[in-house]
Amino acid sequence: MIRPRAVNRRSGGRARGLVILSLPGLWVAAVLGLVYAVPGGVQWAPAAVAAPVIACAGTGRRRCVLVSGGLAVAAVALPDTGQLLGTEVAVLAVLAVCFRLADRRARLAAELDRTREVAVAAQQVLLPPLPQRVGGLAVAGDHLSASRGARVGGDLYEVLATPYGVRAVIGDVRGHGLEAIGTVAALLGSFREAAHHEPELGGVLHRLDRALHRHLRGRAHAAEEFVTLMLLELGEDCGVRVINCGHPQPYRLCPGHPGQPSARPLETGEPFPPLGLFDPGPDPKGVPCGELLPGQALFLHTDGVTDARDAAGEFFPLLPVLEGAAQTAAHGGALSAPALVDAVRTSFLRHARGRLTDDMALLVLHRDAPRVLVHAASARTATGVPGVPRP
């Protein structure tokens with residue numbers, strides 16, 4: 001589905017492109033208008049030499065530069081200025097320089113496009129888009145980098161279906177932007193391997209800790225590097241287990257429960273210090289955090305979300321935004337993980353006015369109940385007999 005904003009941006013881009021294309025012709029027309037409107041005195045015709053310069057600075061297309069140069073030559077030749085030859089030589093000299101610059105600009109633009117393609121491919125390998133469903137859960141995530149032009153930064157997340165249930169990680173590397181990508185790659189690679197082979201969540205934490213120390217070995221200021229991290233496991237019994245290493249608390253969303261808040265922090269116990277600043281010990285345990293019931297969702301985020309400030313210096317009000325999104329979903333009848341992520345992202349960018357001082361990441365895990373299960377539950381409630389409707 002094409003969003004209205006995207007359509008408006010494309011329409012605005014086309015309009016700006018047409019204006020830029022027409023600027024050299026408008027300039028030549030203005031010069032000719034001055035020549036005939038103000039006869040004698042100031043010689044306006046030589047000003048037409050600026051037409052190829054405008055074309056070169058605007059579109060940078062060689063064909064546009066040539067056309068504007070031809071218009072400039074014609075504009076100089078039409079009026080009798082008494083300096084025809086010298087002015088046309090000047091126009092041709094400027095045209096030659098602008099054509100050369102436009103050619104160089106075209107080659108650089110093509111090289112930049114290829115570089116961007118390589119960068120996008122590398123970033124998608126590092127942090128690929130999440131699948132819509134993982135192990136029976138609806139999943140959605142989003143991330144923004146504080147480095148301009150980059151799609152990944154120092155925040156990371158991943159969700160995997162493993163023999164031990166659905167396992168997820170979300171983390172925030174010290175620093176942000178491109179400088180933190182190496183650490184992100186090391187941690188994600190370790191998690192994708194460990195999540196499938198370690199029966200206990202503590203074993204996954206040990207693997208990540210070793211991977212971080214290997215990555216930082218021999219680096220200056222390695223002792224100061226750390227990662228806030230949260231490991232999460234959802235078993236087949238709907239039970240949630242969490243290991244929190246200095247990361248912001250997640251939220252449990254419970255839309256459609258009268259008298260209860262739609263969003264509330266998930267109690268994960270006393271957190272460990274950030275990874276890299278402590279020894280996990282021989283047997284770190286995941287903290288049981290209750291069950292994720294059908295219709296409920298878990299919302300995880302990095303501190304780049306809650307630390308964002310508006311022009312008045314106010315922090316981003318994440319909990320009210322989640323409450324509003326969950327209540328809207330309740331009125332609509334069902335929570336949608338992608339819609340929730342989109343709503344929080346939109347509110348966040350509006351609050352920060354698009355200016356990011358830190359990376360941010362959002363992750364939603366939603367146990368969406370199929371309608372048939374809801375109907376079966378209603379039948380059990382009405383009859384007292386599982387699966388048997390009341391006559």
# chains A, B, ... in the order shown; residues from 1 in each chain; ligands from 1
>>> select_by_dssp(residues="stretch 197-382 of chain A", states="alpha helix (DSSP H)", output="MDAnalysis selection string")
chainID A and resid 197 201:216 303:306 318:332 337:352 371:382
>>> select_by_dssp(residues="stretch 97-186 of chain A", states="strand (DSSP E)", output="list in words")
Arg133, Val134, Leu137, Ala138, Val139, Ala140, Gly141, Asp142, His143, Leu144, Asp155, Leu156, Tyr157, Glu158, Val159, Leu160, Ala161, Thr162, Gly165, Val166, Arg167, Ala168, Val169, Ile170, Gly171, Asp172 and Val173 of chain A
>>> atom_distance(atom1="atom CA of A:Ser68", atom2="atom CA of A:Ala50")
9.2 Å
>>> atom_distance(atom1="atom CA of A:Glu200", atom2="atom CA of A:Gly295")
26.8 Å
>>> closest_residue(among="A:Thr183, A:Gln327, A:Thr268, A:Ser336", to="A:Ala297", atoms="only C-alpha atoms")
A:Ser336
>>> atom_distance(atom1="atom CA of A:Arg133", atom2="atom CA of A:His197")
21.4 Å
>>> residues_around(residues="A:Arg192", least_positions_apart="2", cutoff="12 Å", atoms="only C-alpha atoms", output="PyMOL selection string")
chain A and resi 126-127+157-162+167-169+185-190+194-198+204+207-208+211
>>> write_last_selection(atoms="N, CA and C atoms", output="PDB file, in the first residue's frame")
ATOM      1  N   LEU A 126      23.642  -7.178   7.866  1.00  0.00           N
ATOM      2  CA  LEU A 126      23.908  -7.018   9.299  1.00  0.00           C
ATOM      3  C   LEU A 126      22.620  -7.008  10.114  1.00  0.00           C
ATOM      4  N   LEU A 127      21.643  -6.233   9.690  1.00  0.00           N
ATOM      5  CA  LEU A 127      20.388  -6.102  10.431  1.00  0.00           C
ATOM      6  C   LEU A 127      19.231  -6.209   9.438  1.00  0.00           C
ATOM      7  N   TYR A 157      18.854  -5.645  17.301  1.00  0.00           N
ATOM      8  CA  TYR A 157      17.806  -6.563  17.745  1.00  0.00           C
ATOM      9  C   TYR A 157      17.748  -7.736  16.794  1.00  0.00           C
ATOM     10  N   GLU A 158      17.212  -8.827  17.306  1.00  0.00           N
ATOM     11  CA  GLU A 158      17.014 -10.034  16.506  1.00  0.00           C
ATOM     12  C   GLU A 158      15.990 -10.909  17.203  1.00  0.00           C
ATOM     13  N   VAL A 159      15.198 -11.645  16.417  1.00  0.00           N
ATOM     14  CA  VAL A 159      14.206 -12.586  16.940  1.00  0.00           C
ATOM     15  C   VAL A 159      14.351 -13.878  16.163  1.00  0.00           C
ATOM     16  N   LEU A 160      14.481 -15.004  16.879  1.00  0.00           N
ATOM     17  CA  LEU A 160      14.721 -16.293  16.241  1.00  0.00           C
ATOM     18  C   LEU A 160      13.813 -17.352  16.844  1.00  0.00           C
ATOM     19  N   ALA A 161      13.335 -18.269  16.003  1.00  0.00           N
ATOM     20  CA  ALA A 161      12.644 -19.465  16.476  1.00  0.00           C
ATOM     21  C   ALA A 161      13.695 -20.550  16.687  1.00  0.00           C
ATOM     22  N   THR A 162      13.806 -21.056  17.915  1.00  0.00           N
ATOM     23  CA  THR A 162      14.844 -22.025  18.261  1.00  0.00           C
ATOM     24  C   THR A 162      14.197 -23.270  18.859  1.00  0.00           C
ATOM     25  N   ARG A 167      13.459 -16.786  20.859  1.00  0.00           N
ATOM     26  CA  ARG A 167      14.445 -16.020  21.605  1.00  0.00           C
ATOM     27  C   ARG A 167      14.699 -14.698  20.898  1.00  0.00           C
ATOM     28  N   ALA A 168      14.816 -13.651  21.697  1.00  0.00           N
ATOM     29  CA  ALA A 168      15.017 -12.314  21.144  1.00  0.00           C
ATOM     30  C   ALA A 168      16.117 -11.611  21.915  1.00  0.00           C
ATOM     31  N   VAL A 169      16.784 -10.696  21.235  1.00  0.00           N
ATOM     32  CA  VAL A 169      17.793  -9.852  21.874  1.00  0.00           C
ATOM     33  C   VAL A 169      17.582  -8.428  21.395  1.00  0.00           C
ATOM     34  N   ALA A 185      27.857  -6.093  14.859  1.00  0.00           N
ATOM     35  CA  ALA A 185      28.036  -7.283  14.020  1.00  0.00           C
ATOM     36  C   ALA A 185      28.541  -8.464  14.848  1.00  0.00           C
ATOM     37  N   ALA A 186      29.497  -8.222  15.754  1.00  0.00           N
ATOM     38  CA  ALA A 186      30.036  -9.302  16.578  1.00  0.00           C
ATOM     39  C   ALA A 186      28.963  -9.898  17.485  1.00  0.00           C
ATOM     40  N   LEU A 187      28.140  -9.053  18.098  1.00  0.00           N
ATOM     41  CA  LEU A 187      27.117  -9.544  19.027  1.00  0.00           C
ATOM     42  C   LEU A 187      25.995 -10.271  18.293  1.00  0.00           C
ATOM     43  N   LEU A 188      25.546  -9.717  17.179  1.00  0.00           N
ATOM     44  CA  LEU A 188      24.464 -10.376  16.454  1.00  0.00           C
ATOM     45  C   LEU A 188      24.908 -11.723  15.905  1.00  0.00           C
ATOM     46  N   GLY A 189      26.135 -11.798  15.388  1.00  0.00           N
ATOM     47  CA  GLY A 189      26.631 -13.087  14.895  1.00  0.00           C
ATOM     48  C   GLY A 189      26.690 -14.119  15.994  1.00  0.00           C
ATOM     49  N   SER A 190      27.135 -13.709  17.176  1.00  0.00           N
ATOM     50  CA  SER A 190      27.207 -14.639  18.307  1.00  0.00           C
ATOM     51  C   SER A 190      25.816 -15.071  18.749  1.00  0.00           C
ATOM     52  N   ALA A 194      24.421 -18.816  19.113  1.00  0.00           N
ATOM     53  CA  ALA A 194      24.196 -19.330  20.461  1.00  0.00           C
ATOM     54  C   ALA A 194      22.730 -19.635  20.732  1.00  0.00           C
ATOM     55  N   ALA A 195      21.812 -18.856  20.183  1.00  0.00           N
ATOM     56  CA  ALA A 195      20.389 -19.039  20.477  1.00  0.00           C
ATOM     57  C   ALA A 195      19.898 -20.419  20.088  1.00  0.00           C
ATOM     58  N   HIS A 196      20.520 -21.037  19.078  1.00  0.00           N
ATOM     59  CA  HIS A 196      20.088 -22.360  18.610  1.00  0.00           C
ATOM     60  C   HIS A 196      20.786 -23.505  19.345  1.00  0.00           C
ATOM     61  N   HIS A 197      21.883 -23.202  20.055  1.00  0.00           N
ATOM     62  CA  HIS A 197      22.681 -24.287  20.621  1.00  0.00           C
ATOM     63  C   HIS A 197      22.739 -24.288  22.139  1.00  0.00           C
ATOM     64  N   GLU A 198      22.420 -23.187  22.764  1.00  0.00           N
ATOM     65  CA  GLU A 198      22.487 -23.124  24.227  1.00  0.00           C
ATOM     66  C   GLU A 198      21.111 -23.404  24.821  1.00  0.00           C
ATOM     67  N   VAL A 204      23.507 -18.398  26.546  1.00  0.00           N
ATOM     68  CA  VAL A 204      23.533 -17.406  25.468  1.00  0.00           C
ATOM     69  C   VAL A 204      24.263 -16.148  25.942  1.00  0.00           C
ATOM     70  N   ARG A 207      27.991 -16.623  25.854  1.00  0.00           N
ATOM     71  CA  ARG A 207      28.519 -16.556  24.483  1.00  0.00           C
ATOM     72  C   ARG A 207      28.652 -15.099  24.037  1.00  0.00           C
ATOM     73  N   LEU A 208      27.660 -14.296  24.332  1.00  0.00           N
ATOM     74  CA  LEU A 208      27.709 -12.888  23.945  1.00  0.00           C
ATOM     75  C   LEU A 208      28.834 -12.156  24.677  1.00  0.00           C
ATOM     76  N   ALA A 211      32.064 -13.100  23.032  1.00  0.00           N
ATOM     77  CA  ALA A 211      32.168 -12.454  21.727  1.00  0.00           C
ATOM     78  C   ALA A 211      32.549 -10.982  21.864  1.00  0.00           C
TER      79      ALA A 211
END
